[in-house]
Amino acid sequence: MGLKVYINGELYETEDARISVYDHGLLYGDGVFEGIRVYNGKIFRCKEHIDRLFASARAIALEMPMTRDEVAEAMRHTLDANGLTDAYIRLLVTRGIGTLGLDPYECTNPQVIIITDSLALYPPEYYEKGLELVTVPTVRNHPNAVNPRIKSMNYLNNILAKIECLQAGVTEAVMLNKEGYVAECTGDNIFIVKDGKLLTPPAHAGILEGITRGVVMELAREAGIEALEKDMTRFDLYVADECFLTGTAAEIIPVVRIDSRDIGDGKPGPTTLKLLEMFRDRTTNATG
Ligand code: PXG
């Protein structure tokens, strides 16, 4: 039996879960989304994800057709229907069916879609050996264009960056902003450890403010590690003691090489591994 997909209050078999070709989500990438983890039957940081979804919707002037509680309830309902306790949730809200023109006000029926699935985890060697990154030419969206703080359904800019790193034979890309400061990777936030401090680019650098990023800042402070938001250049990355990425799917992934320079001693660092252990402890104990 296949997995059921939620669309606007109904559950459909995957092959019957369909959206119109006139939906502006397809025609223009007009919509917002979230990627969420479920650990031991508990939706991790549920409130934060729902708050970010509502903020993204507000930013694109999309009126949410459901309340926050209804969205949380719909996610639980879909997980239960699929018997999933450790899963990945893709929650989308599209602008809905409109005309072939851009006008979003012609679209009156936003589609709320909840896909729940088992998670394709990154290979364990990424965590043991660490990742290599390369800086790519495509810059992160300028905040006065589609602000990266909006988790919009239009990821083409990041996809171009992904193509560039893959063409260079490297799995993940460092994206800079228009000023040349480090922003983030294609689907993950970036951190460095330097002289015992944890540093990550601030929101104004043009990033998605990751939920995992927030959890890692909290964990660092709990561990007595000073955690700061700071503008960084590529130089700061190259001379860092440690580097890692954070994201819902990735959790915490060590980075050991950037633009063909080893980071620190070229192995996952102790602070990175400590934070990963704390993170895994937090998720397995499912205290949120
Ligand atoms: N930056 C960007 C641009 C993202 O898309 C993150 C940071 C991390 O945020 P969270 O809240 O997850 O800690 C994301 C995460 C994937 C994938 O397959 C990741 C994301 C979206 C779609 C796919 O890795 N978003």
# chains A, B, ... in the order shown; residues from 1 in each chain; ligands from 1
>>> closest_atom_pairs(of="chain A", to="ligand 1", cutoff="7 Å", atoms="only C-alpha atoms and all ligand atoms", output="tab-separated table")
residue	atom	partner	partner_atom_place_in_ligand_line	distance
A:Gly35	CA	ligand 1	21 (C)	5.9
A:Lys151	CA	ligand 1	5 (O)	7.0
A:Glu184	CA	ligand 1	1 (N)	6.3
A:Cys185	CA	ligand 1	1 (N)	6.4
A:Thr186	CA	ligand 1	3 (C)	5.3
A:Gly187	CA	ligand 1	4 (C)	3.6
A:Asp188	CA	ligand 1	7 (C)	3.7
A:Asn189	CA	ligand 1	7 (C)	4.6
A:Ile207	CA	ligand 1	1 (N)	6.3
A:Leu208	CA	ligand 1	1 (N)	4.7
A:Glu209	CA	ligand 1	9 (O)	6.5
A:Gly210	CA	ligand 1	9 (O)	3.4
A:Ile211	CA	ligand 1	11 (O)	3.7
A:Thr212	CA	ligand 1	13 (O)	3.6
A:Arg213	CA	ligand 1	13 (O)	5.5
A:Thr246	CA	ligand 1	13 (O)	5.9
A:Gly247	CA	ligand 1	13 (O)	3.6
A:Thr248	CA	ligand 1	12 (O)	3.6
A:Ala249	CA	ligand 1	24 (O)	5.4
A:Ala250	CA	ligand 1	24 (O)	6.6
>>> residues_around(residues="Lys162 of chain A", least_positions_apart="5", cutoff="12 Å", atoms="only C-alpha atoms", output="list in words")
Leu133, Val134, Thr135, Val136, Pro137, Thr138, Val139, Arg140, Tyr155, Leu156, Asn157, Gln167, Ala168, Gly169, Val170, Thr171, Glu172, Ala173, Val174, Met175, Cys185, Thr186, Gly187 and Asp188 of chain A
>>> closest_residue(among="A:Thr272, A:Asn40, A:Thr94, A:Asn144", to="Leu62 of chain A", atoms="only C-alpha atoms")
A:Thr94
>>> atom_distance(atom1="atom CA of Asn109 of chain A", atom2="atom CA of Ala17 of chain A")
16.4 Å
>>> select_by_dssp(residues="segment 11-206 of chain A", states="alpha helix (DSSP H)", output="PyMOL selection string")
chain A and resi 24-28+46-59+68-82+124-129+156-167
>>> write_last_selection(atoms="N, CA and C atoms", output="compact mmCIF listing (two decimals), in the first residue's frame")
# COMPACT_ATOMS: atom_id res chain seq x y z
N HIS A 24 -0.70 28.23 -9.83
CA HIS A 24 0.44 29.15 -9.96
C HIS A 24 1.69 28.63 -9.27
N GLY A 25 1.51 27.61 -8.42
CA GLY A 25 2.69 26.94 -7.85
C GLY A 25 3.52 26.34 -8.98
N LEU A 26 2.84 25.73 -9.94
CA LEU A 26 3.53 25.16 -11.10
C LEU A 26 3.90 26.24 -12.12
N LEU A 27 2.95 27.10 -12.42
CA LEU A 27 3.19 28.09 -13.49
C LEU A 27 4.27 29.10 -13.12
N TYR A 28 4.35 29.47 -11.83
CA TYR A 28 5.28 30.54 -11.44
C TYR A 28 6.13 30.25 -10.21
N CYS A 46 7.75 21.81 15.80
CA CYS A 46 6.52 22.02 15.04
C CYS A 46 6.11 23.50 15.01
N LYS A 47 6.13 24.14 16.19
CA LYS A 47 5.68 25.53 16.26
C LYS A 47 6.55 26.44 15.40
N GLU A 48 7.87 26.25 15.48
CA GLU A 48 8.80 27.09 14.71
C GLU A 48 8.55 26.94 13.20
N HIS A 49 8.33 25.69 12.75
CA HIS A 49 8.09 25.47 11.32
C HIS A 49 6.77 26.12 10.88
N ILE A 50 5.75 25.97 11.72
CA ILE A 50 4.45 26.57 11.35
C ILE A 50 4.56 28.09 11.36
N ASP A 51 5.25 28.63 12.35
CA ASP A 51 5.44 30.10 12.38
C ASP A 51 6.18 30.58 11.13
N ARG A 52 7.21 29.83 10.73
CA ARG A 52 7.97 30.25 9.54
C ARG A 52 7.11 30.14 8.29
N LEU A 53 6.28 29.09 8.21
CA LEU A 53 5.37 28.95 7.05
C LEU A 53 4.42 30.14 6.97
N PHE A 54 3.85 30.51 8.12
CA PHE A 54 2.91 31.63 8.13
C PHE A 54 3.62 32.95 7.81
N ALA A 55 4.87 33.09 8.25
CA ALA A 55 5.64 34.30 7.93
C ALA A 55 5.94 34.36 6.43
N SER A 56 6.32 33.21 5.85
CA SER A 56 6.58 33.15 4.41
C SER A 56 5.32 33.52 3.63
N ALA A 57 4.18 32.96 4.06
CA ALA A 57 2.91 33.22 3.37
C ALA A 57 2.56 34.71 3.46
N ARG A 58 2.73 35.28 4.66
CA ARG A 58 2.44 36.71 4.85
C ARG A 58 3.32 37.56 3.93
N ALA A 59 4.60 37.17 3.83
CA ALA A 59 5.55 37.95 3.02
C ALA A 59 5.18 37.95 1.54
N ARG A 68 -3.03 27.92 12.40
CA ARG A 68 -1.82 27.20 12.81
C ARG A 68 -2.17 25.83 13.40
N ASP A 69 -3.18 25.80 14.28
CA ASP A 69 -3.58 24.53 14.92
C ASP A 69 -4.09 23.53 13.89
N GLU A 70 -4.84 24.03 12.92
CA GLU A 70 -5.37 23.12 11.88
C GLU A 70 -4.24 22.52 11.05
N VAL A 71 -3.21 23.33 10.79
CA VAL A 71 -2.07 22.81 10.01
C VAL A 71 -1.35 21.72 10.81
N ALA A 72 -1.13 21.97 12.11
CA ALA A 72 -0.45 20.96 12.95
C ALA A 72 -1.29 19.68 13.01
N GLU A 73 -2.59 19.85 13.15
CA GLU A 73 -3.50 18.71 13.22
C GLU A 73 -3.50 17.92 11.91
N ALA A 74 -3.48 18.63 10.80
CA ALA A 74 -3.47 17.97 9.48
C ALA A 74 -2.17 17.17 9.29
N MET A 75 -1.05 17.69 9.79
CA MET A 75 0.22 16.94 9.68
C MET A 75 0.14 15.66 10.50
N ARG A 76 -0.40 15.76 11.73
CA ARG A 76 -0.51 14.57 12.60
C ARG A 76 -1.44 13.53 11.98
N HIS A 77 -2.55 14.02 11.43
CA HIS A 77 -3.54 13.15 10.78
C HIS A 77 -2.89 12.38 9.62
N THR A 78 -2.09 13.06 8.82
CA THR A 78 -1.45 12.43 7.66
C THR A 78 -0.40 11.41 8.11
N LEU A 79 0.37 11.77 9.14
CA LEU A 79 1.37 10.83 9.68
C LEU A 79 0.69 9.57 10.20
N ASP A 80 -0.41 9.76 10.94
CA ASP A 80 -1.15 8.62 11.51
C ASP A 80 -1.70 7.73 10.40
N ALA A 81 -2.27 8.36 9.37
CA ALA A 81 -2.86 7.59 8.26
C ALA A 81 -1.80 6.73 7.57
N ASN A 82 -0.54 7.20 7.61
CA ASN A 82 0.54 6.46 6.96
C ASN A 82 1.35 5.62 7.94
N PRO A 124 26.30 7.74 5.61
CA PRO A 124 27.02 7.90 6.87
C PRO A 124 28.43 8.46 6.70
N GLU A 125 29.06 8.20 5.54
CA GLU A 125 30.45 8.69 5.36
C GLU A 125 30.53 10.22 5.31
N TYR A 126 29.39 10.88 4.96
CA TYR A 126 29.38 12.34 4.99
C TYR A 126 29.67 12.83 6.41
N TYR A 127 29.10 12.09 7.39
CA TYR A 127 29.24 12.50 8.79
C TYR A 127 30.61 12.09 9.33
N GLU A 128 31.12 10.94 8.86
CA GLU A 128 32.41 10.43 9.36
C GLU A 128 33.58 11.16 8.73
N LYS A 129 33.53 11.33 7.41
CA LYS A 129 34.68 11.93 6.71
C LYS A 129 34.52 13.43 6.50
N LEU A 156 14.94 28.09 -7.96
CA LEU A 156 15.79 28.02 -9.15
C LEU A 156 17.18 28.59 -8.91
N ASN A 157 17.26 29.67 -8.13
CA ASN A 157 18.56 30.27 -7.85
C ASN A 157 19.49 29.26 -7.16
N ASN A 158 18.94 28.54 -6.19
CA ASN A 158 19.74 27.54 -5.48
C ASN A 158 20.04 26.33 -6.36
N ILE A 159 19.12 26.02 -7.25
CA ILE A 159 19.35 24.90 -8.18
C ILE A 159 20.49 25.24 -9.13
N LEU A 160 20.56 26.50 -9.57
CA LEU A 160 21.69 26.90 -10.42
C LEU A 160 23.01 26.73 -9.67
N ALA A 161 23.01 27.09 -8.39
CA ALA A 161 24.22 26.92 -7.56
C ALA A 161 24.56 25.44 -7.42
N LYS A 162 23.53 24.62 -7.26
CA LYS A 162 23.75 23.16 -7.13
C LYS A 162 24.37 22.61 -8.41
N ILE A 163 23.87 23.05 -9.56
CA ILE A 163 24.42 22.61 -10.84
C ILE A 163 25.91 22.98 -10.92
N GLU A 164 26.22 24.20 -10.47
CA GLU A 164 27.61 24.66 -10.55
C GLU A 164 28.56 23.83 -9.68
N CYS A 165 28.13 23.49 -8.46
CA CYS A 165 29.03 22.68 -7.62
C CYS A 165 29.14 21.26 -8.16
N LEU A 166 28.03 20.70 -8.65
CA LEU A 166 28.09 19.34 -9.19
C LEU A 166 28.98 19.28 -10.42
N GLN A 167 28.94 20.36 -11.23
CA GLN A 167 29.83 20.39 -12.39
C GLN A 167 31.29 20.45 -11.98
>>> residues_around(residues="Met153 of chain A", least_positions_apart="2", cutoff="7 Å", atoms="only C-alpha atoms", output="ChimeraX atom specification")
/A:29-33,151,155
>>> write_last_selection(atoms="N, CA and C atoms", output="CSV table (one decimal), in the first residue's frame")
chain,number,residue,atom,x,y,z
A,29,GLY,N,6.0,29.0,-9.7
A,29,GLY,CA,6.7,28.8,-8.4
A,29,GLY,C,6.2,29.7,-7.3
A,30,ASP,N,4.9,30.0,-7.4
A,30,ASP,CA,4.2,30.9,-6.5
A,30,ASP,C,3.6,30.1,-5.4
A,31,GLY,N,4.3,30.1,-4.3
A,31,GLY,CA,3.9,29.3,-3.1
A,31,GLY,C,5.0,29.3,-2.1
A,32,VAL,N,4.7,28.7,-0.9
A,32,VAL,CA,5.7,28.6,0.2
A,32,VAL,C,5.7,27.1,0.7
A,33,PHE,N,6.8,26.8,1.4
A,33,PHE,CA,6.8,25.4,1.9
A,33,PHE,C,7.7,25.3,3.1
A,151,LYS,N,10.7,31.1,2.6
A,151,LYS,CA,10.9,29.7,2.1
A,151,LYS,C,9.9,29.5,1.0
A,155,TYR,N,13.0,27.7,-6.1
A,155,TYR,CA,14.3,27.5,-5.7
A,155,TYR,C,15.3,27.5,-6.8
>>> closest_residue(among="A:Asp103, A:Glu226, A:Asp281, A:Glu132", to="Gly196 of chain A", atoms="only C-alpha atoms")
A:Glu226
>>> select_by_dssp(residues="segment 154-276 of chain A", states="strand (DSSP E)", output="number ranges by chain")
A: 172-176, 182-184, 189-194, 197-200, 227-229, 242-247, 251-258, 261-262
>>> closest_residue(among="A:Ile253, A:Met278, A:Leu92, A:Ile258", to="Pro123 of chain A", atoms="only C-alpha atoms")
A:Ile253
>>> residues_around(residues="Asp241 of chain A", least_positions_apart="4", cutoff="7 Å", atoms="only C-alpha atoms", output="list in words")
Val193, Lys194, Ile263 and Gly264 of chain A
>>> write_last_selection(atoms="N, CA, C and O atoms", output="PDB file, in the first residue's frame")
ATOM      1  N   VAL A 193      33.799  27.290  13.359  1.00  0.00           N
ATOM      2  CA  VAL A 193      34.325  27.415  14.718  1.00  0.00           C
ATOM      3  C   VAL A 193      35.690  28.068  14.569  1.00  0.00           C
ATOM      4  O   VAL A 193      36.506  27.635  13.752  1.00  0.00           O
ATOM      5  N   LYS A 194      35.888  29.182  15.301  1.00  0.00           N
ATOM      6  CA  LYS A 194      37.166  29.880  15.246  1.00  0.00           C
ATOM      7  C   LYS A 194      37.543  30.323  16.661  1.00  0.00           C
ATOM      8  O   LYS A 194      36.741  31.021  17.307  1.00  0.00           O
ATOM      9  N   ILE A 263      40.111  22.360   5.810  1.00  0.00           N
ATOM     10  CA  ILE A 263      39.641  23.177   6.941  1.00  0.00           C
ATOM     11  C   ILE A 263      40.201  22.541   8.218  1.00  0.00           C
ATOM     12  O   ILE A 263      40.008  21.340   8.449  1.00  0.00           O
ATOM     13  N   GLY A 264      40.902  23.345   9.008  1.00  0.00           N
ATOM     14  CA  GLY A 264      41.589  22.812  10.201  1.00  0.00           C
ATOM     15  C   GLY A 264      42.534  21.712   9.774  1.00  0.00           C
ATOM     16  O   GLY A 264      43.330  21.906   8.846  1.00  0.00           O
TER      17      GLY A 264
END
>>> decode(residues="segment 234-263 of chain A", atoms="N, CA, C and O atoms", output="CSV table (one decimal), in the first residue's frame")
chain,number,residue,atom,x,y,z
A,234,ARG,N,35.1,34.6,2.4
A,234,ARG,CA,35.7,33.3,2.1
A,234,ARG,C,37.0,33.1,2.9
A,234,ARG,O,37.3,31.9,3.3
A,235,PHE,N,37.7,34.1,3.1
A,235,PHE,CA,39.0,34.0,3.9
A,235,PHE,C,38.6,33.4,5.3
A,235,PHE,O,39.3,32.6,5.8
A,236,ASP,N,37.6,33.9,5.9
A,236,ASP,CA,37.2,33.4,7.3
A,236,ASP,C,36.9,31.9,7.2
A,236,ASP,O,37.2,31.2,8.1
A,237,LEU,N,36.3,31.4,6.1
A,237,LEU,CA,36.0,30.0,6.0
A,237,LEU,C,37.4,29.2,5.9
A,237,LEU,O,37.6,28.2,6.5
A,238,TYR,N,38.3,29.8,5.0
A,238,TYR,CA,39.5,29.1,4.8
A,238,TYR,C,40.4,28.9,6.0
A,238,TYR,O,41.1,27.9,6.2
A,239,VAL,N,40.3,29.9,6.9
A,239,VAL,CA,41.2,29.9,8.1
A,239,VAL,C,40.4,29.4,9.4
A,239,VAL,O,40.9,29.5,10.5
A,240,ALA,N,39.2,28.9,9.1
A,240,ALA,CA,38.4,28.4,10.3
A,240,ALA,C,39.1,27.1,10.9
A,240,ALA,O,39.8,26.4,10.2
A,241,ASP,N,38.8,26.9,12.2
A,241,ASP,CA,39.3,25.7,12.8
A,241,ASP,C,38.4,24.5,12.4
A,241,ASP,O,38.8,23.4,12.3
A,242,GLU,N,37.1,24.8,12.3
A,242,GLU,CA,36.1,23.8,11.9
A,242,GLU,C,35.0,24.4,11.1
A,242,GLU,O,34.8,25.7,11.2
A,243,CYS,N,34.3,23.6,10.4
A,243,CYS,CA,33.1,24.1,9.6
A,243,CYS,C,32.1,23.0,9.6
A,243,CYS,O,32.4,21.8,9.5
A,244,PHE,N,30.8,23.4,9.6
A,244,PHE,CA,29.7,22.4,9.4
A,244,PHE,C,28.5,23.1,8.8
A,244,PHE,O,28.4,24.3,8.9
A,245,LEU,N,27.6,22.2,8.3
A,245,LEU,CA,26.3,22.7,7.8
A,245,LEU,C,25.2,22.2,8.6
A,245,LEU,O,25.3,21.1,9.3
A,246,THR,N,24.1,23.0,8.6
A,246,THR,CA,22.9,22.5,9.4
A,246,THR,C,21.6,22.6,8.5
A,246,THR,O,21.5,23.5,7.7
A,247,GLY,N,20.7,21.6,8.7
A,247,GLY,CA,19.5,21.6,8.0
A,247,GLY,C,18.6,20.5,8.5
A,247,GLY,O,19.1,19.6,9.1
A,248,THR,N,17.3,20.6,8.2
A,248,THR,CA,16.4,19.6,8.7
A,248,THR,C,16.8,18.2,8.2
A,248,THR,O,16.7,17.2,9.0
A,249,ALA,N,17.1,18.0,7.0
A,249,ALA,CA,17.5,16.7,6.5
A,249,ALA,C,18.9,16.3,6.9
A,249,ALA,O,19.1,15.2,7.4
A,250,ALA,N,19.8,17.3,6.8
A,250,ALA,CA,21.2,17.0,7.1
A,250,ALA,C,21.5,16.9,8.6
A,250,ALA,O,22.5,16.2,9.0
A,251,GLU,N,20.7,17.5,9.4
A,251,GLU,CA,21.0,17.8,10.9
A,251,GLU,C,22.3,18.6,10.9
A,251,GLU,O,22.3,19.8,10.7
A,252,ILE,N,23.4,17.9,11.3
A,252,ILE,CA,24.7,18.7,11.3
A,252,ILE,C,25.7,17.8,10.5
A,252,ILE,O,26.0,16.7,10.9
A,253,ILE,N,26.3,18.4,9.5
A,253,ILE,CA,27.2,17.7,8.6
A,253,ILE,C,28.6,18.4,8.7
A,253,ILE,O,28.7,19.6,8.4
A,254,PRO,N,29.7,17.7,9.1
A,254,PRO,CA,31.0,18.4,9.1
A,254,PRO,C,31.5,18.7,7.7
A,254,PRO,O,31.2,18.0,6.7
A,255,VAL,N,32.2,19.8,7.5
A,255,VAL,CA,32.8,20.2,6.3
A,255,VAL,C,34.3,20.2,6.5
A,255,VAL,O,34.8,20.8,7.5
A,256,VAL,N,35.0,19.5,5.6
A,256,VAL,CA,36.5,19.4,5.8
A,256,VAL,C,37.3,20.0,4.7
A,256,VAL,O,38.6,20.1,4.9
A,257,ARG,N,36.7,20.5,3.6
A,257,ARG,CA,37.5,21.1,2.5
A,257,ARG,C,36.6,22.1,1.8
A,257,ARG,O,35.5,21.8,1.6
A,258,ILE,N,37.2,23.3,1.6
A,258,ILE,CA,36.4,24.3,0.9
A,258,ILE,C,37.4,24.9,-0.2
A,258,ILE,O,38.5,25.4,0.1
A,259,ASP,N,36.9,25.0,-1.4
A,259,ASP,CA,37.7,25.5,-2.5
A,259,ASP,C,39.1,24.9,-2.5
A,259,ASP,O,40.1,25.7,-2.7
A,260,SER,N,39.2,23.7,-2.3
A,260,SER,CA,40.4,22.9,-2.3
A,260,SER,C,41.4,23.2,-1.2
A,260,SER,O,42.6,22.8,-1.2
A,261,ARG,N,40.9,23.9,-0.2
A,261,ARG,CA,41.7,24.1,1.0
A,261,ARG,C,41.2,23.2,2.2
A,261,ARG,O,40.0,23.2,2.4
A,262,ASP,N,42.1,22.5,2.9
A,262,ASP,CA,41.6,21.8,4.0
A,262,ASP,C,41.2,22.7,5.1
A,262,ASP,O,41.7,23.8,5.3
A,263,ILE,N,40.1,22.4,5.8
A,263,ILE,CA,39.6,23.2,6.9
A,263,ILE,C,40.2,22.5,8.2
A,263,ILE,O,40.0,21.3,8.4
